[in-house]
Each structure stands twice: as structure tokens, then as C-alpha cells.
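This is entry.cif. It holds mmCIF, C-alpha atoms.
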```
data_input
loop_
_atom_site.group_PDB
_atom_site.id
_atom_site.type_symbol
_atom_site.label_atom_id
_atom_site.label_comp_id
_atom_site.auth_asym_id
_atom_site.auth_seq_id
_atom_site.Cartn_x
_atom_site.Cartn_y
_atom_site.Cartn_z
ATOM 1 C CA MET A 1 -31.363 79.286 75.020
ATOM 2 C CA ALA A 2 -28.560 81.829 75.112
ATOM 3 C CA VAL A 3 -29.368 85.545 75.119
ATOM 4 C CA TYR A 4 -26.904 88.205 73.980
ATOM 5 C CA PRO A 5 -28.353 91.596 74.970
ATOM 6 C CA GLY A 6 -28.613 94.299 72.344
ATOM 7 C CA ARG A 7 -28.347 98.062 72.795
ATOM 8 C CA ASN A 8 -32.070 98.704 72.267
ATOM 9 C CA ALA A 9 -34.338 96.486 74.394
ATOM 10 C CA LYS A 10 -37.432 97.925 72.649
ATOM 11 C CA LEU A 11 -36.514 96.271 69.345
ATOM 12 C CA LYS A 12 -37.605 92.698 68.693
ATOM 13 C CA ALA A 13 -34.908 90.098 69.216
ATOM 14 C CA VAL A 14 -33.274 88.156 66.405
ATOM 15 C CA LEU A 15 -33.510 84.396 66.809
ATOM 16 C CA LEU A 16 -30.453 82.416 65.707
ATOM 17 C CA LEU A 17 -31.764 78.891 65.290
ATOM 18 C CA ALA A 18 -30.196 75.515 64.527
ATOM 19 C CA HIS A 19 -31.256 71.944 65.200
ATOM 20 C CA LEU A 20 -28.821 69.360 66.525
ATOM 21 C CA ASP A 21 -30.728 66.127 65.957
ATOM 22 C CA VAL A 22 -30.125 63.915 62.921
ATOM 23 C CA VAL A 23 -31.914 61.022 61.283
ATOM 24 C CA GLU A 24 -30.743 57.461 61.838
ATOM 25 C CA ALA A 25 -27.937 56.045 59.678
ATOM 26 C CA LYS A 26 -26.723 52.532 58.919
ATOM 27 C CA ARG A 27 -22.995 52.143 59.598
ATOM 28 C CA GLU A 28 -22.520 49.994 56.485
ATOM 29 C CA ASP A 29 -23.745 52.868 54.289
ATOM 30 C CA TRP A 30 -20.938 55.147 55.456
ATOM 31 C CA THR A 31 -17.204 55.225 54.713
ATOM 32 C CA ARG A 32 -16.590 56.583 58.226
ATOM 33 C CA GLU A 33 -18.469 56.121 61.512
ATOM 34 C CA PRO A 34 -21.534 58.345 60.888
ATOM 35 C CA PHE A 35 -21.965 59.629 64.445
ATOM 36 C CA THR A 36 -18.290 60.430 65.103
ATOM 37 C CA LEU A 37 -16.929 63.780 63.918
ATOM 38 C CA VAL A 38 -13.811 63.263 61.804
ATOM 39 C CA GLU A 39 -11.602 65.963 60.277
ATOM 40 C CA GLU A 40 -9.695 65.019 57.132
ATOM 41 C CA ASN A 41 -7.769 67.520 55.001
ATOM 42 C CA GLY A 42 -9.649 70.445 56.525
ATOM 43 C CA ASN A 43 -13.086 68.909 55.925
ATOM 44 C CA PHE A 44 -15.460 67.616 58.599
ATOM 45 C CA TYR A 45 -17.384 64.367 58.189
ATOM 46 C CA ALA A 46 -20.222 63.145 60.411
ATOM 47 C CA ARG A 47 -23.969 62.677 60.370
ATOM 48 C CA GLY A 48 -25.440 66.162 60.603
ATOM 49 C CA ALA A 49 -22.134 67.996 60.085
ATOM 50 C CA VAL A 50 -23.825 70.273 57.536
ATOM 51 C CA ASP A 51 -27.505 69.727 58.404
ATOM 52 C CA ASP A 52 -27.462 71.373 60.829
ATOM 53 C CA LYS A 53 -24.620 71.214 63.329
ATOM 54 C CA ALA A 54 -22.444 73.465 61.155
ATOM 55 C CA GLU A 55 -24.875 76.333 61.510
ATOM 56 C CA GLY A 56 -25.167 75.732 65.264
ATOM 57 C CA ALA A 57 -21.375 75.936 65.537
ATOM 58 C CA ILE A 58 -21.343 79.117 63.443
ATOM 59 C CA TRP A 59 -23.922 80.787 65.710
ATOM 60 C CA VAL A 60 -21.989 79.809 68.865
ATOM 61 C CA ASP A 61 -18.699 81.005 67.346
ATOM 62 C CA THR A 62 -20.327 84.276 66.312
ATOM 63 C CA LEU A 63 -21.646 84.965 69.813
ATOM 64 C CA VAL A 64 -18.258 84.126 71.353
ATOM 65 C CA ARG A 65 -16.506 86.510 68.952
ATOM 66 C CA LEU A 66 -19.040 89.278 69.597
ATOM 67 C CA ARG A 67 -18.454 88.894 73.335
ATOM 68 C CA GLU A 68 -14.650 88.845 72.960
ATOM 69 C CA GLU A 69 -14.846 92.072 70.931
ATOM 70 C CA ASN A 70 -17.295 93.637 73.419
ATOM 71 C CA TYR A 71 -19.634 94.326 70.522
ATOM 72 C CA ARG A 72 -23.302 95.003 71.274
ATOM 73 C CA PRO A 73 -25.695 94.831 68.336
ATOM 74 C CA ARG A 74 -28.774 97.071 68.181
ATOM 75 C CA ARG A 75 -31.099 94.081 68.675
ATOM 76 C CA THR A 76 -30.855 91.333 71.263
ATOM 77 C CA LEU A 77 -29.684 88.020 69.806
ATOM 78 C CA LYS A 78 -31.274 84.808 71.058
ATOM 79 C CA LEU A 79 -29.627 81.472 70.261
ATOM 80 C CA ALA A 80 -31.765 78.329 70.275
ATOM 81 C CA LEU A 81 -30.118 74.978 69.569
ATOM 82 C CA THR A 82 -33.067 72.633 69.327
ATOM 83 C CA CYS A 83 -34.086 69.070 68.580
ATOM 84 C CA GLY A 84 -37.111 67.654 66.862
ATOM 85 C CA GLU A 85 -36.558 68.923 63.322
ATOM 86 C CA GLU A 86 -35.668 65.437 62.095
ATOM 87 C CA THR A 87 -38.534 63.683 63.905
ATOM 88 C CA THR A 88 -42.189 63.362 63.052
ATOM 89 C CA GLY A 89 -44.481 65.425 65.235
ATOM 90 C CA ALA A 90 -41.851 66.402 67.810
ATOM 91 C CA LEU A 91 -41.685 69.994 68.967
ATOM 92 C CA ASN A 92 -38.712 71.823 67.534
ATOM 93 C CA GLY A 93 -38.409 74.132 70.538
ATOM 94 C CA ALA A 94 -38.437 77.320 68.502
ATOM 95 C CA ASN A 95 -41.841 76.567 67.001
ATOM 96 C CA GLY A 96 -43.328 77.858 70.235
ATOM 97 C CA SER A 97 -42.271 81.498 70.007
ATOM 98 C CA PRO A 98 -43.356 82.313 73.602
ATOM 99 C CA LYS A 99 -40.397 80.174 74.701
ATOM 100 C CA THR A 100 -37.961 82.295 72.691
ATOM 101 C CA GLY A 101 -39.671 85.665 72.840
ATOM 102 C CA ALA A 102 -38.874 86.158 69.164
ATOM 103 C CA THR A 103 -41.402 86.381 66.370
ATOM 104 C CA SER A 104 -41.234 84.857 62.921
ATOM 105 C CA SER A 105 -40.320 88.261 61.500
ATOM 106 C CA THR A 106 -37.119 88.253 63.537
ATOM 107 C CA ARG A 107 -36.210 84.608 63.031
ATOM 108 C CA VAL A 108 -33.078 83.595 61.186
ATOM 109 C CA CYS A 109 -33.917 80.099 59.969
ATOM 110 C CA ASP A 110 -32.003 76.972 60.691
ATOM 111 C CA HIS A 111 -31.542 74.209 58.136
ATOM 112 C CA GLU A 112 -28.944 73.280 55.633
ATOM 113 C CA GLY A 113 -29.263 76.411 53.506
ATOM 114 C CA ALA A 114 -26.743 78.292 55.639
ATOM 115 C CA ARG A 115 -23.043 77.725 56.193
ATOM 116 C CA GLY A 116 -19.700 79.456 56.446
ATOM 117 C CA GLU A 117 -16.842 79.592 53.972
ATOM 118 C CA LEU A 118 -13.091 80.003 54.425
ATOM 119 C CA ASP A 119 -10.481 80.906 51.806
ATOM 120 C CA ALA A 120 -7.360 78.789 51.139
ATOM 121 C CA GLU A 121 -5.516 80.502 54.032
ATOM 122 C CA GLY A 122 -8.343 79.816 56.474
ATOM 123 C CA HIS A 123 -9.690 83.376 56.613
ATOM 124 C CA ARG A 124 -13.439 83.823 56.934
ATOM 125 C CA VAL A 125 -14.931 84.754 53.573
ATOM 126 C CA ALA A 126 -18.667 84.405 54.052
ATOM 127 C CA LEU A 127 -21.404 83.535 56.487
ATOM 128 C CA GLU A 128 -24.370 82.515 54.375
ATOM 129 C CA VAL A 129 -27.779 82.936 55.978
ATOM 130 C CA GLN A 130 -30.839 81.132 54.674
ATOM 131 C CA ALA A 131 -33.714 83.600 54.391
ATOM 132 C CA GLY A 132 -36.484 81.152 53.519
ATOM 133 C CA GLU A 133 -37.444 77.542 53.973
ATOM 134 C CA LYS A 134 -39.175 74.877 51.988
ATOM 135 C CA THR A 135 -42.397 73.384 53.201
ATOM 136 C CA SER A 136 -44.602 70.520 52.165
ATOM 137 C CA GLN A 137 -48.212 70.673 51.069
ATOM 138 C CA ASN A 138 -50.542 67.727 50.585
ATOM 139 C CA TYR A 139 -53.687 67.696 48.472
ATOM 140 C CA ARG A 140 -56.462 65.194 48.050
ATOM 141 C CA LEU A 141 -58.127 65.438 44.656
ATOM 142 C CA GLU A 142 -61.359 63.669 43.868
ATOM 143 C CA VAL A 143 -63.272 63.569 40.606
ATOM 144 C CA THR A 144 -66.342 61.502 39.810
ATOM 145 C CA ASN A 145 -68.437 60.629 36.794
ATOM 146 C CA SER A 146 -70.825 57.928 35.676
ATOM 147 C CA GLY A 147 -67.932 55.531 35.211
ATOM 148 C CA GLY A 148 -67.355 52.786 32.727
ATOM 149 C CA HIS A 149 -65.057 49.864 32.113
ATOM 150 C CA SER A 150 -61.341 50.484 31.638
ATOM 151 C CA SER A 151 -61.339 48.511 28.392
ATOM 152 C CA LEU A 152 -63.984 50.907 26.975
ATOM 153 C CA PRO A 153 -63.301 54.287 28.606
ATOM 154 C CA VAL A 154 -66.036 56.857 28.238
ATOM 155 C CA LYS A 155 -65.204 60.229 26.677
ATOM 156 C CA ASP A 156 -66.062 61.963 29.982
ATOM 157 C CA ASN A 157 -63.401 60.016 31.882
ATOM 158 C CA ALA A 158 -62.750 61.257 35.440
ATOM 159 C CA ILE A 159 -58.999 60.626 35.144
ATOM 160 C CA TYR A 160 -58.822 62.672 31.933
ATOM 161 C CA ARG A 161 -60.659 65.535 33.658
ATOM 162 C CA LEU A 162 -58.287 65.377 36.624
ATOM 163 C CA ALA A 163 -55.197 65.437 34.397
ATOM 164 C CA ALA A 164 -56.453 68.154 32.030
ATOM 165 C CA PRO A 165 -54.563 71.482 32.151
#
```
Mind converting the file's structure to C-alpha cells?
Amino acid sequence: MAVYPGRNAKLKAVLLLAHLDVVEAKREDWTREPFTLVEENGNFYARGAVDDKAEGAIWVDTLVRLREENYRPRRTLKLALTCGEETTGALNGANGSPKTGATSSTRVCDHEGARGELDAEGHRVALEVQAGEKTSQNYRLEVTNSGGHSSLPVKDNAIYRLAAP
């Protein structure tokens, strides 16, 4: 956790969040070594280069530039580079907001929806910030009826009722 103090300590902090872990990869599925960062023609290739190490690098670069320019934002900025996003059931560090002191209303999400962009001369054009995140939802649906044989389905078929609009 890195903390960059803001001008107004009474305002809630902004959490800059990125995860550094990646899922496993088979070497034979990759043109290049997946866990070695390679730069070719101005592009970076490696497992997790976009999801989500790019955003982590952008946050670090941003804090370094703010410090070099002696700029102090109104709100404190808290940087959390975490692990566990790509694992099942592991704590992603920032999920426990007491550890960061930031609330969900001040969180700037991690994940692959954010990145930076340079123009042809290498000048910064954009820093895209993802404002929302996908989530999964599971349902268990159950319908019953008196039943019947599949070769002679009854008109009141449970599957038909389940699939009906």
C-alpha cells in the first residue's frame, strides 16, 4: 500500500487498485515466453501485460509524476497492488476495505477495462479509467409437475413452463 497525501484529510481517499497475479499459461500456446515481458515495435507482450499489470504500472507512473511535480490532489490517493483476483476464493487485498481505509464509493476499479494510450510520437493521449465491473450471478431453477414419459410429453410439461417467456 502506498499513500499519497491529499490537501484535505477530511475527504475520503481514492483507492487506485490493480492486481498483479495472472492465471497459468502453457508455453506451447504462446509465440513468446508468457511470463517474460518482451517489447517489440513499441508493444509489450507477456502474461498479464494488459490484465492487469498495465494499470498497475500506470498508477505507479502517475504517483511518481505527481510527486515530481509537487502536486497535491484534494483527496488522498491510496495505491494497492494486490493478488488473488485470478484465484478462486483468495482474498484480493482491497476487498477488505479496513486494510485500505477507502470505501467502495472512492474506489477506482482494477481490471482490464482501463489502460493508457500514446500518440504516434509517444505523447500521452488518454488514461482510461474503468468505472464499473462485471460480476457473475448463479441461479438454481426448479419446476415440478406430475411428470410423464419423454416419448409422450404431457401438455403441462415442467421444461416448457421453465422455458416460457
| Hits from the PyMOL selection byres ((chain A and resi 54-58) around 9), listed as a list in words |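 Selected by the PyMOL selection byres ((chain A and resi 54-58) around 9) here: Leu16, Leu17, Ala18, His19, Leu20, Gly48, Ala49, Val50, Asp51, Asp52, Lys53, Trp59, Val60, Asp61, Thr62, Leu63, Leu79, Ala80, Leu81, Asp110, His111, Glu112, Ala114, Arg115, Gly116 and Leu127 of chain A.
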| query | Which one is closest to A:Arg7: A:Val38, A:Leu118, A:Leu77, A:Ala126? Count only C-alpha atoms. | reply |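 Closest candidate: A:Leu77.
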| message | Quick check, in Å to one decimal: how far apart do atom CA of A:Leu15 and atom CA of A:Arg47 lie? | response |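 Separation of atom CA of A:Leu15 and atom CA of A:Arg47: 24.6 Å.
Minimum atom-to-atom distances from A:Arg65, A:Arg161, A:Arg140, A:Arg75 to A:Val3 were compared using only C-alpha atoms, and the lowest value belongs to A:Arg75.
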| field | 8 Å contact set for A:Val143, all atoms listed in the file, chain neighbours under 3 positions out, as number ranges by chain | value | A: 158-159, 161-162
| Quick one, how far is atom CA of A:Arg74 from atom CA of A:Tyr4? |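 Between these atoms lies a distance of 10.8 Å.
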| Distance atom CA of A:Pro5-atom CA of A:Tyr71, one decimal place? | 10.2 Å
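Among the candidates A:Glu69, A:Gly42, A:Val23, A:Phe35, the residue lying nearest to A:Gly122 is A:Gly42 (atoms considered: only C-alpha atoms).
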| field | Distance query A:Trp30 at most 12 Å, only C-alpha atoms, self and fewer than 5 positions along chain excluded, as a list in words | value | Glu24, Ala25, Phe35, Thr36, Tyr45, Ala46 and Arg47 of chain A
| field | Chain and number of each residue from the PyMOL selection byres ((chain A and resi 11) around 10), as a list in words | value | Gly6, Arg7, Asn8, Ala9, Lys10, Lys12, Ala13, Val14, Arg74, Arg75, Thr76 and Thr106 of chain A
